Amino acid sequence: MSLLEAKGIKKIYKTRFGGVSVEALKNVSFTVERGEYVAIMGESGSGKTTLLNILAALDRPTEGTVILEGTDLGTIRDRDIARFRRDNLGFVFQDFNLLDTFSLEDNIYLPLVLAGKKPDEMKKALAPIAEALGIGDILKKYPYEVSGGQKQRAAVARALITDPRIILADEPTGALDSKSSDELLGLFQKVNRMGQTILMVTHSAKAASNASRVLFIKDGTVFHQIYRGEATDRQLYQKISDTLTLLAQGGDRK
């Protein structure tokens, strides 16, 4: 059984008075296997962010279902949805979403604090993650005292500390310089090799070329997908670039 299944996802937004309907997603279906690293790409307005929000249980589809390891997200009660996200999903955002009044360590601990974990449990959970991400020496610092790349490492640690079934990343390199972007993408590949499933929305062909599969969204549907296979990052980057050019020109899938 696949880890994540999206079946016939449709999302329609209506204006305040219901006069105009906008179909953000038309009929999106795909699966994500355990241990996969999947990138979702598409032009602005293609529906990829709407799709990510639905997969993250931050929004509900108009039609269709999302199933995470056997649980239909549509059956989860509103009062239980926040706990479900905390226990099963890890999030990495473009703008880090760190609290400036908390140290990096306390920011990372926050999901465990909300889950009622004890201090000794939290320290035990953080130790191997901090070592793997190379942030052990900056944990006591505050977000305003570190670089963008270090903030994003802390954000990745926060996403990992609950041992999530899947990490959902929304433009994780968008606010980083090229060096920090490369470091973050290297970290993603590292944690993916350790067995962590990742689904990332990105505009960056370079970021997507680190994934094992790339889904392209166009006009609210899955337009095309590319599997890495034996391709190098450079070869996958070229395939992604060619597909993006095709998308921009309004062509049909290859």
# chains A, B, ... in the order shown; residues from 1 in each chain; ligands from 1
$ residues_around --residues "Tyr109 of chain A" --least-positions-apart "3" --cutoff "7 Å" --atoms "only C-alpha atoms" --output "PyMOL selection string"
chain A and resi 105-106+112-113+122+158
$ write_last_selection --atoms "N, CA, C and O atoms" --output "PDB file, in the first residue's frame"
ATOM      1  N   GLU A 105      16.604  25.889  19.677  1.00  0.00           N
ATOM      2  CA  GLU A 105      16.291  24.644  20.380  1.00  0.00           C
ATOM      3  C   GLU A 105      14.817  24.602  20.779  1.00  0.00           C
ATOM      4  O   GLU A 105      14.128  23.601  20.547  1.00  0.00           O
ATOM      5  N   ASP A 106      14.322  25.695  21.351  1.00  0.00           N
ATOM      6  CA  ASP A 106      12.928  25.726  21.785  1.00  0.00           C
ATOM      7  C   ASP A 106      11.968  25.712  20.594  1.00  0.00           C
ATOM      8  O   ASP A 106      10.871  25.140  20.680  1.00  0.00           O
ATOM      9  N   LEU A 112       6.892  18.880  20.106  1.00  0.00           N
ATOM     10  CA  LEU A 112       6.915  17.891  21.181  1.00  0.00           C
ATOM     11  C   LEU A 112       6.305  18.454  22.457  1.00  0.00           C
ATOM     12  O   LEU A 112       5.648  17.725  23.219  1.00  0.00           O
ATOM     13  N   VAL A 113       6.516  19.755  22.696  1.00  0.00           N
ATOM     14  CA  VAL A 113       5.889  20.402  23.847  1.00  0.00           C
ATOM     15  C   VAL A 113       4.371  20.330  23.716  1.00  0.00           C
ATOM     16  O   VAL A 113       3.652  19.994  24.668  1.00  0.00           O
ATOM     17  N   MET A 122      12.516  14.896  24.839  1.00  0.00           N
ATOM     18  CA  MET A 122      12.796  15.872  23.788  1.00  0.00           C
ATOM     19  C   MET A 122      14.295  15.952  23.501  1.00  0.00           C
ATOM     20  O   MET A 122      14.713  15.998  22.340  1.00  0.00           O
ATOM     21  N   ARG A 158      12.968  20.780  13.224  1.00  0.00           N
ATOM     22  CA  ARG A 158      11.628  20.820  13.818  1.00  0.00           C
ATOM     23  C   ARG A 158      10.675  19.885  13.065  1.00  0.00           C
ATOM     24  O   ARG A 158       9.818  19.225  13.665  1.00  0.00           O
TER      25      ARG A 158
END
$ residues_around --residues "Leu187 of chain A" --least-positions-apart "4" --cutoff "12 Å" --atoms "only C-alpha atoms" --output "PyMOL selection string"
chain A and resi 129-135+149-150+152-157+160+172-173+180-183+191-194+196+198+207+210
$ atom_distance --atom1 "atom CA of Arg85 of chain A" --atom2 "atom CA of Gly148 of chain A"
25.4 Å
$ atom_distance --atom1 "atom CA of Leu89 of chain A" --atom2 "atom CA of Thr101 of chain A"
24.3 Å
$ closest_residue --among "A:Gly64, A:Gly220, A:Gly250, A:Gly45" --to "Glu23 of chain A" --atoms "only C-alpha atoms"
A:Gly220
$ residues_around --residues "Ala159 of chain A" --least-positions-apart "4" --cutoff "8 Å" --atoms "only C-alpha atoms" --output "JSON, numbers by chain"
{"A": [89, 90, 91, 92, 108, 155, 163, 164, 167]}
$ write_last_selection --atoms "N, CA and C atoms" --output "mmCIF file, in the first residue's frame"
data_model
loop_
_atom_site.group_PDB
_atom_site.id
_atom_site.type_symbol
_atom_site.label_atom_id
_atom_site.label_comp_id
_atom_site.auth_asym_id
_atom_site.auth_seq_id
_atom_site.Cartn_x
_atom_site.Cartn_y
_atom_site.Cartn_z
ATOM 1 N N LEU A 89 2.762 14.677 10.146
ATOM 2 C CA LEU A 89 3.339 15.495 9.089
ATOM 3 C C LEU A 89 4.429 16.402 9.629
ATOM 4 N N GLY A 90 5.467 16.590 8.825
ATOM 5 C CA GLY A 90 6.497 17.577 9.130
ATOM 6 C C GLY A 90 6.454 18.659 8.068
ATOM 7 N N PHE A 91 6.618 19.911 8.475
ATOM 8 C CA PHE A 91 6.492 21.027 7.544
ATOM 9 C C PHE A 91 7.782 21.835 7.479
ATOM 10 N N VAL A 92 8.173 22.191 6.251
ATOM 11 C CA VAL A 92 9.295 23.115 6.031
ATOM 12 C C VAL A 92 8.792 24.201 5.094
ATOM 13 N N ILE A 108 12.533 24.101 17.851
ATOM 14 C CA ILE A 108 12.532 22.703 17.400
ATOM 15 C C ILE A 108 11.692 21.837 18.335
ATOM 16 N N ALA A 155 14.522 24.631 10.993
ATOM 17 C CA ALA A 155 13.164 24.316 10.550
ATOM 18 C C ALA A 155 13.060 22.854 10.114
ATOM 19 N N ASP A 163 9.278 12.545 14.052
ATOM 20 C CA ASP A 163 9.366 11.322 13.245
ATOM 21 C C ASP A 163 8.149 11.202 12.333
ATOM 22 N N PRO A 164 7.947 12.205 11.467
ATOM 23 C CA PRO A 164 6.726 12.245 10.653
ATOM 24 C C PRO A 164 6.711 11.178 9.573
ATOM 25 N N ILE A 167 7.403 14.507 5.085
ATOM 26 C CA ILE A 167 7.715 15.928 5.197
ATOM 27 C C ILE A 167 7.141 16.638 3.978
#
$ closest_residue --among "A:Leu58, A:Phe93, A:Tyr37, A:Lys7" --to "Lys190 of chain A" --atoms "only C-alpha atoms"
A:Tyr37
$ atom_distance --atom1 "atom CA of Leu168 of chain A" --atom2 "atom CA of Gln235 of chain A"
24.8 Å
$ select_by_dssp --residues "segment 16-252 of chain A" --states "strand (DSSP E)" --output "PDB file with N, CA and C atoms, in the first residue's frame"
ATOM      1  N   SER A  21     -17.024  30.995  -9.854  1.00  0.00           N
ATOM      2  CA  SER A  21     -16.318  29.822  -9.347  1.00  0.00           C
ATOM      3  C   SER A  21     -14.971  29.692 -10.052  1.00  0.00           C
ATOM      4  N   VAL A  22     -13.939  29.382  -9.284  1.00  0.00           N
ATOM      5  CA  VAL A  22     -12.606  29.153  -9.826  1.00  0.00           C
ATOM      6  C   VAL A  22     -12.206  27.722  -9.506  1.00  0.00           C
ATOM      7  N   GLU A  23     -11.924  26.950 -10.548  1.00  0.00           N
ATOM      8  CA  GLU A  23     -11.545  25.552 -10.363  1.00  0.00           C
ATOM      9  C   GLU A  23     -10.022  25.469 -10.278  1.00  0.00           C
ATOM     10  N   ALA A  24      -9.505  25.426  -9.048  1.00  0.00           N
ATOM     11  CA  ALA A  24      -8.060  25.406  -8.834  1.00  0.00           C
ATOM     12  C   ALA A  24      -7.461  24.038  -9.153  1.00  0.00           C
ATOM     13  N   LEU A  25      -8.184  22.979  -8.815  1.00  0.00           N
ATOM     14  CA  LEU A  25      -7.758  21.617  -9.118  1.00  0.00           C
ATOM     15  C   LEU A  25      -8.915  20.886  -9.777  1.00  0.00           C
ATOM     16  N   LYS A  26      -8.623  20.137 -10.842  1.00  0.00           N
ATOM     17  CA  LYS A  26      -9.694  19.521 -11.637  1.00  0.00           C
ATOM     18  C   LYS A  26      -9.854  18.030 -11.370  1.00  0.00           C
ATOM     19  N   ASN A  27      -8.771  17.285 -11.437  1.00  0.00           N
ATOM     20  CA  ASN A  27      -8.876  15.839 -11.224  1.00  0.00           C
ATOM     21  C   ASN A  27      -7.471  15.298 -11.010  1.00  0.00           C
ATOM     22  N   VAL A  28      -6.948  15.531  -9.828  1.00  0.00           N
ATOM     23  CA  VAL A  28      -5.558  15.180  -9.540  1.00  0.00           C
ATOM     24  C   VAL A  28      -5.502  13.849  -8.799  1.00  0.00           C
ATOM     25  N   SER A  29      -4.769  12.910  -9.366  1.00  0.00           N
ATOM     26  CA  SER A  29      -4.582  11.601  -8.738  1.00  0.00           C
ATOM     27  C   SER A  29      -3.120  11.191  -8.858  1.00  0.00           C
ATOM     28  N   PHE A  30      -2.541  10.754  -7.754  1.00  0.00           N
ATOM     29  CA  PHE A  30      -1.174  10.219  -7.760  1.00  0.00           C
ATOM     30  C   PHE A  30      -0.917   9.562  -6.409  1.00  0.00           C
ATOM     31  N   THR A  31       0.152   8.817  -6.333  1.00  0.00           N
ATOM     32  CA  THR A  31       0.545   8.181  -5.073  1.00  0.00           C
ATOM     33  C   THR A  31       1.987   8.526  -4.750  1.00  0.00           C
ATOM     34  N   VAL A  32       2.320   8.427  -3.487  1.00  0.00           N
ATOM     35  CA  VAL A  32       3.696   8.591  -3.021  1.00  0.00           C
ATOM     36  C   VAL A  32       4.045   7.363  -2.197  1.00  0.00           C
ATOM     37  N   TYR A  37      11.110  10.699  -2.692  1.00  0.00           N
ATOM     38  CA  TYR A  37      11.383  12.132  -2.622  1.00  0.00           C
ATOM     39  C   TYR A  37      10.768  12.712  -3.889  1.00  0.00           C
ATOM     40  N   VAL A  38       9.607  13.330  -3.732  1.00  0.00           N
ATOM     41  CA  VAL A  38       8.818  13.797  -4.871  1.00  0.00           C
ATOM     42  C   VAL A  38       8.781  15.316  -4.891  1.00  0.00           C
ATOM     43  N   ALA A  39       9.039  15.895  -6.058  1.00  0.00           N
ATOM     44  CA  ALA A  39       8.912  17.336  -6.254  1.00  0.00           C
ATOM     45  C   ALA A  39       7.684  17.618  -7.102  1.00  0.00           C
ATOM     46  N   ILE A  40       6.960  18.684  -6.755  1.00  0.00           N
ATOM     47  CA  ILE A  40       5.805  19.137  -7.532  1.00  0.00           C
ATOM     48  C   ILE A  40       6.123  20.500  -8.112  1.00  0.00           C
ATOM     49  N   MET A  41       5.991  20.616  -9.431  1.00  0.00           N
ATOM     50  CA  MET A  41       6.312  21.862 -10.114  1.00  0.00           C
ATOM     51  C   MET A  41       5.131  22.326 -10.956  1.00  0.00           C
ATOM     52  N   GLU A  63     -14.005  17.746  -4.036  1.00  0.00           N
ATOM     53  CA  GLU A  63     -14.264  16.333  -4.323  1.00  0.00           C
ATOM     54  C   GLU A  63     -12.948  15.582  -4.214  1.00  0.00           C
ATOM     55  N   GLY A  64     -13.052  14.268  -4.044  1.00  0.00           N
ATOM     56  CA  GLY A  64     -11.863  13.437  -3.999  1.00  0.00           C
ATOM     57  C   GLY A  64     -11.410  13.142  -2.579  1.00  0.00           C
ATOM     58  N   THR A  65     -10.403  12.289  -2.468  1.00  0.00           N
ATOM     59  CA  THR A  65      -9.920  11.868  -1.157  1.00  0.00           C
ATOM     60  C   THR A  65      -8.398  11.891  -1.105  1.00  0.00           C
ATOM     61  N   VAL A  66      -7.895  12.132   0.101  1.00  0.00           N
ATOM     62  CA  VAL A  66      -6.469  12.011   0.391  1.00  0.00           C
ATOM     63  C   VAL A  66      -6.331  10.996   1.513  1.00  0.00           C
ATOM     64  N   ILE A  67      -5.535   9.964   1.271  1.00  0.00           N
ATOM     65  CA  ILE A  67      -5.359   8.898   2.254  1.00  0.00           C
ATOM     66  C   ILE A  67      -3.889   8.823   2.634  1.00  0.00           C
ATOM     67  N   LEU A  68      -3.608   8.989   3.916  1.00  0.00           N
ATOM     68  CA  LEU A  68      -2.246   8.887   4.433  1.00  0.00           C
ATOM     69  C   LEU A  68      -2.142   7.636   5.287  1.00  0.00           C
ATOM     70  N   THR A  71      -5.417   6.283   6.441  1.00  0.00           N
ATOM     71  CA  THR A  71      -6.365   7.208   7.060  1.00  0.00           C
ATOM     72  C   THR A  71      -6.868   8.210   6.028  1.00  0.00           C
ATOM     73  N   ASP A  72      -8.158   8.240   5.832  1.00  0.00           N
ATOM     74  CA  ASP A  72      -8.785   9.206   4.935  1.00  0.00           C
ATOM     75  C   ASP A  72      -8.851  10.549   5.665  1.00  0.00           C
ATOM     76  N   LEU A  89       2.762  14.677  10.146  1.00  0.00           N
ATOM     77  CA  LEU A  89       3.339  15.495   9.089  1.00  0.00           C
ATOM     78  C   LEU A  89       4.429  16.402   9.629  1.00  0.00           C
ATOM     79  N   GLY A  90       5.467  16.590   8.825  1.00  0.00           N
ATOM     80  CA  GLY A  90       6.497  17.577   9.130  1.00  0.00           C
ATOM     81  C   GLY A  90       6.454  18.659   8.068  1.00  0.00           C
ATOM     82  N   PHE A  91       6.618  19.911   8.475  1.00  0.00           N
ATOM     83  CA  PHE A  91       6.492  21.027   7.544  1.00  0.00           C
ATOM     84  C   PHE A  91       7.782  21.835   7.479  1.00  0.00           C
ATOM     85  N   VAL A  92       8.173  22.191   6.251  1.00  0.00           N
ATOM     86  CA  VAL A  92       9.295  23.115   6.031  1.00  0.00           C
ATOM     87  C   VAL A  92       8.792  24.201   5.094  1.00  0.00           C
ATOM     88  N   PHE A  93       8.827  25.458   5.577  1.00  0.00           N
ATOM     89  CA  PHE A  93       8.267  26.577   4.822  1.00  0.00           C
ATOM     90  C   PHE A  93       9.369  27.482   4.274  1.00  0.00           C
ATOM     91  N   ILE A 166       5.635  11.824   6.616  1.00  0.00           N
ATOM     92  CA  ILE A 166       6.046  12.520   5.397  1.00  0.00           C
ATOM     93  C   ILE A 166       6.376  13.969   5.741  1.00  0.00           C
ATOM     94  N   ILE A 167       7.403  14.507   5.085  1.00  0.00           N
ATOM     95  CA  ILE A 167       7.715  15.928   5.197  1.00  0.00           C
ATOM     96  C   ILE A 167       7.141  16.638   3.978  1.00  0.00           C
ATOM     97  N   LEU A 168       6.405  17.714   4.223  1.00  0.00           N
ATOM     98  CA  LEU A 168       5.851  18.549   3.172  1.00  0.00           C
ATOM     99  C   LEU A 168       6.614  19.867   3.174  1.00  0.00           C
ATOM    100  N   ALA A 169       7.277  20.164   2.066  1.00  0.00           N
ATOM    101  CA  ALA A 169       8.116  21.359   1.972  1.00  0.00           C
ATOM    102  C   ALA A 169       7.556  22.304   0.923  1.00  0.00           C
ATOM    103  N   ASP A 170       7.343  23.560   1.318  1.00  0.00           N
ATOM    104  CA  ASP A 170       6.770  24.566   0.427  1.00  0.00           C
ATOM    105  C   ASP A 170       7.847  25.581   0.059  1.00  0.00           C
ATOM    106  N   ILE A 198       9.664  12.590   1.434  1.00  0.00           N
ATOM    107  CA  ILE A 198       9.594  14.045   1.263  1.00  0.00           C
ATOM    108  C   ILE A 198       8.745  14.369   0.044  1.00  0.00           C
ATOM    109  N   LEU A 199       7.863  15.350   0.195  1.00  0.00           N
ATOM    110  CA  LEU A 199       7.114  15.897  -0.927  1.00  0.00           C
ATOM    111  C   LEU A 199       7.325  17.405  -0.913  1.00  0.00           C
ATOM    112  N   MET A 200       7.880  17.931  -1.986  1.00  0.00           N
ATOM    113  CA  MET A 200       8.314  19.327  -2.028  1.00  0.00           C
ATOM    114  C   MET A 200       7.685  20.064  -3.197  1.00  0.00           C
ATOM    115  N   VAL A 201       7.077  21.210  -2.931  1.00  0.00           N
ATOM    116  CA  VAL A 201       6.613  22.116  -3.976  1.00  0.00           C
ATOM    117  C   VAL A 201       7.717  23.128  -4.242  1.00  0.00           C
ATOM    118  N   ARG A 213      11.432  11.814  -8.165  1.00  0.00           N
ATOM    119  CA  ARG A 213      10.342  11.918  -9.132  1.00  0.00           C
ATOM    120  C   ARG A 213       9.834  13.347  -9.138  1.00  0.00           C
ATOM    121  N   VAL A 214       9.443  13.830 -10.308  1.00  0.00           N
ATOM    122  CA  VAL A 214       8.932  15.193 -10.436  1.00  0.00           C
ATOM    123  C   VAL A 214       7.561  15.148 -11.086  1.00  0.00           C
ATOM    124  N   LEU A 215       6.570  15.731 -10.412  1.00  0.00           N
ATOM    125  CA  LEU A 215       5.219  15.867 -10.954  1.00  0.00           C
ATOM    126  C   LEU A 215       5.025  17.299 -11.438  1.00  0.00           C
ATOM    127  N   PHE A 216       4.453  17.454 -12.617  1.00  0.00           N
ATOM    128  CA  PHE A 216       4.182  18.780 -13.168  1.00  0.00           C
ATOM    129  C   PHE A 216       2.676  19.016 -13.179  1.00  0.00           C
ATOM    130  N   ILE A 217       2.263  20.127 -12.570  1.00  0.00           N
ATOM    131  CA  ILE A 217       0.854  20.488 -12.514  1.00  0.00           C
ATOM    132  C   ILE A 217       0.593  21.612 -13.510  1.00  0.00           C
ATOM    133  N   LYS A 218      -0.436  21.430 -14.321  1.00  0.00           N
ATOM    134  CA  LYS A 218      -0.811  22.460 -15.285  1.00  0.00           C
ATOM    135  C   LYS A 218      -2.337  22.573 -15.298  1.00  0.00           C
ATOM    136  N   THR A 221      -4.331  20.028 -13.209  1.00  0.00           N
ATOM    137  CA  THR A 221      -4.228  18.585 -13.438  1.00  0.00           C
ATOM    138  C   THR A 221      -2.755  18.182 -13.479  1.00  0.00           C
ATOM    139  N   VAL A 222      -2.510  16.884 -13.328  1.00  0.00           N
ATOM    140  CA  VAL A 222      -1.140  16.367 -13.489  1.00  0.00           C
ATOM    141  C   VAL A 222      -0.849  16.294 -14.977  1.00  0.00           C
ATOM    142  N   PHE A 223       0.064  17.142 -15.429  1.00  0.00           N
ATOM    143  CA  PHE A 223       0.404  17.267 -16.843  1.00  0.00           C
ATOM    144  C   PHE A 223       1.397  16.196 -17.276  1.00  0.00           C
ATOM    145  N   HIS A 224       2.360  15.919 -16.408  1.00  0.00           N
ATOM    146  CA  HIS A 224       3.459  15.020 -16.788  1.00  0.00           C
ATOM    147  C   HIS A 224       4.215  14.645 -15.517  1.00  0.00           C
ATOM    148  N   GLN A 225       4.982  13.576 -15.568  1.00  0.00           N
ATOM    149  CA  GLN A 225       5.882  13.258 -14.466  1.00  0.00           C
ATOM    150  C   GLN A 225       7.147  12.619 -15.006  1.00  0.00           C
ATOM    151  N   ILE A 226       8.219  12.844 -14.275  1.00  0.00           N
ATOM    152  CA  ILE A 226       9.533  12.328 -14.664  1.00  0.00           C
ATOM    153  C   ILE A 226      10.093  11.517 -13.496  1.00  0.00           C
ATOM    154  N   TYR A 227      10.553  10.323 -13.790  1.00  0.00           N
ATOM    155  CA  TYR A 227      11.237   9.508 -12.799  1.00  0.00           C
ATOM    156  C   TYR A 227      12.748   9.645 -13.004  1.00  0.00           C
TER     157      TYR A 227
END
$ closest_residue --among "A:Glu43, A:Phe84, A:Glu230, A:Thr197" --to "Gln249 of chain A" --atoms "only C-alpha atoms"
A:Glu43
$ select_by_dssp --residues "segment 2-215 of chain A" --states "alpha helix (DSSP H)" --output "short mmCIF file (atom, residue, chain, number, x, y, z; two decimals) with C-alpha atoms, in the first residue's frame"
data_model
loop_
_atom_site.label_atom_id
_atom_site.label_comp_id
_atom_site.auth_asym_id
_atom_site.auth_seq_id
_atom_site.Cartn_x
_atom_site.Cartn_y
_atom_site.Cartn_z
CA LYS A 48 0.33 23.22 -6.79
CA THR A 49 0.07 25.25 -3.57
CA THR A 50 -3.65 24.43 -3.31
CA LEU A 51 -2.73 20.78 -3.72
CA LEU A 52 -0.08 20.99 -1.00
CA ASN A 53 -2.56 22.60 1.40
CA ILE A 54 -5.02 19.77 0.80
CA LEU A 55 -2.33 17.12 1.30
CA ASP A 78 -12.04 19.37 12.83
CA ARG A 79 -11.14 19.21 16.52
CA ASP A 80 -8.66 16.38 15.84
CA ILE A 81 -7.01 17.69 12.67
CA ALA A 82 -4.29 19.78 14.36
CA ARG A 83 -3.15 16.79 16.39
CA PHE A 84 -3.18 14.60 13.29
CA ARG A 85 -0.92 17.06 11.45
CA ARG A 86 1.42 17.31 14.42
CA ASP A 87 1.70 13.55 14.83
CA ASN A 88 2.02 12.59 11.16
CA LEU A 104 16.39 27.52 17.92
CA GLU A 105 16.29 24.64 20.38
CA ASP A 106 12.93 25.73 21.79
CA ASN A 107 11.56 26.26 18.27
CA ILE A 108 12.53 22.70 17.40
CA TYR A 109 11.01 21.36 20.60
CA LEU A 110 7.67 23.12 20.06
CA PRO A 111 5.80 20.21 18.37
CA LEU A 112 6.92 17.89 21.18
CA VAL A 113 5.89 20.40 23.85
CA LEU A 114 2.43 20.59 22.27
CA PRO A 119 12.19 17.30 28.62
CA ASP A 120 14.33 14.16 28.72
CA GLU A 121 12.38 12.67 25.80
CA MET A 122 12.80 15.87 23.79
CA LYS A 123 16.55 16.04 24.37
CA LYS A 124 16.93 12.39 23.38
CA ALA A 125 14.95 12.99 20.19
CA LEU A 126 16.90 16.10 19.21
CA ALA A 127 20.45 14.83 19.77
CA PRO A 128 20.80 12.64 16.63
CA ILE A 129 18.93 15.15 14.46
CA ALA A 130 21.11 18.06 15.57
CA GLU A 131 24.21 16.00 14.83
CA ALA A 132 22.95 14.94 11.40
CA LEU A 133 22.04 18.53 10.46
CA GLY A 148 18.99 32.01 6.63
CA GLY A 149 20.58 28.65 5.97
CA GLN A 150 20.93 27.96 9.69
CA LYS A 151 17.30 28.98 10.24
CA GLN A 152 16.21 26.52 7.58
CA ARG A 153 18.29 23.75 9.17
CA ALA A 154 16.48 24.41 12.43
CA ALA A 155 13.16 24.32 10.55
CA VAL A 156 14.12 20.95 9.05
CA ALA A 157 15.04 19.68 12.54
CA ARG A 158 11.63 20.82 13.82
CA ALA A 159 9.97 18.93 10.95
CA LEU A 160 11.95 15.77 11.69
CA SER A 178 22.66 29.71 -3.63
CA LYS A 179 25.12 28.30 -1.08
CA SER A 180 22.46 27.82 1.60
CA SER A 181 20.11 26.33 -1.01
CA ASP A 182 22.72 23.76 -1.99
CA GLU A 183 23.31 22.90 1.67
CA LEU A 184 19.59 22.45 2.33
CA LEU A 185 19.09 20.29 -0.75
CA GLY A 186 22.02 18.17 0.36
CA LEU A 187 20.34 17.76 3.74
CA PHE A 188 17.09 16.73 2.11
CA GLN A 189 18.89 14.07 0.10
CA LYS A 190 20.64 12.90 3.26
CA VAL A 191 17.46 12.50 5.32
CA ASN A 192 15.72 10.90 2.33
CA ARG A 193 18.49 8.29 2.12
CA ALA A 205 14.47 23.19 -11.47
CA LYS A 206 17.70 22.82 -9.51
CA ALA A 207 15.82 21.95 -6.33
CA ALA A 208 13.56 19.51 -8.17
#
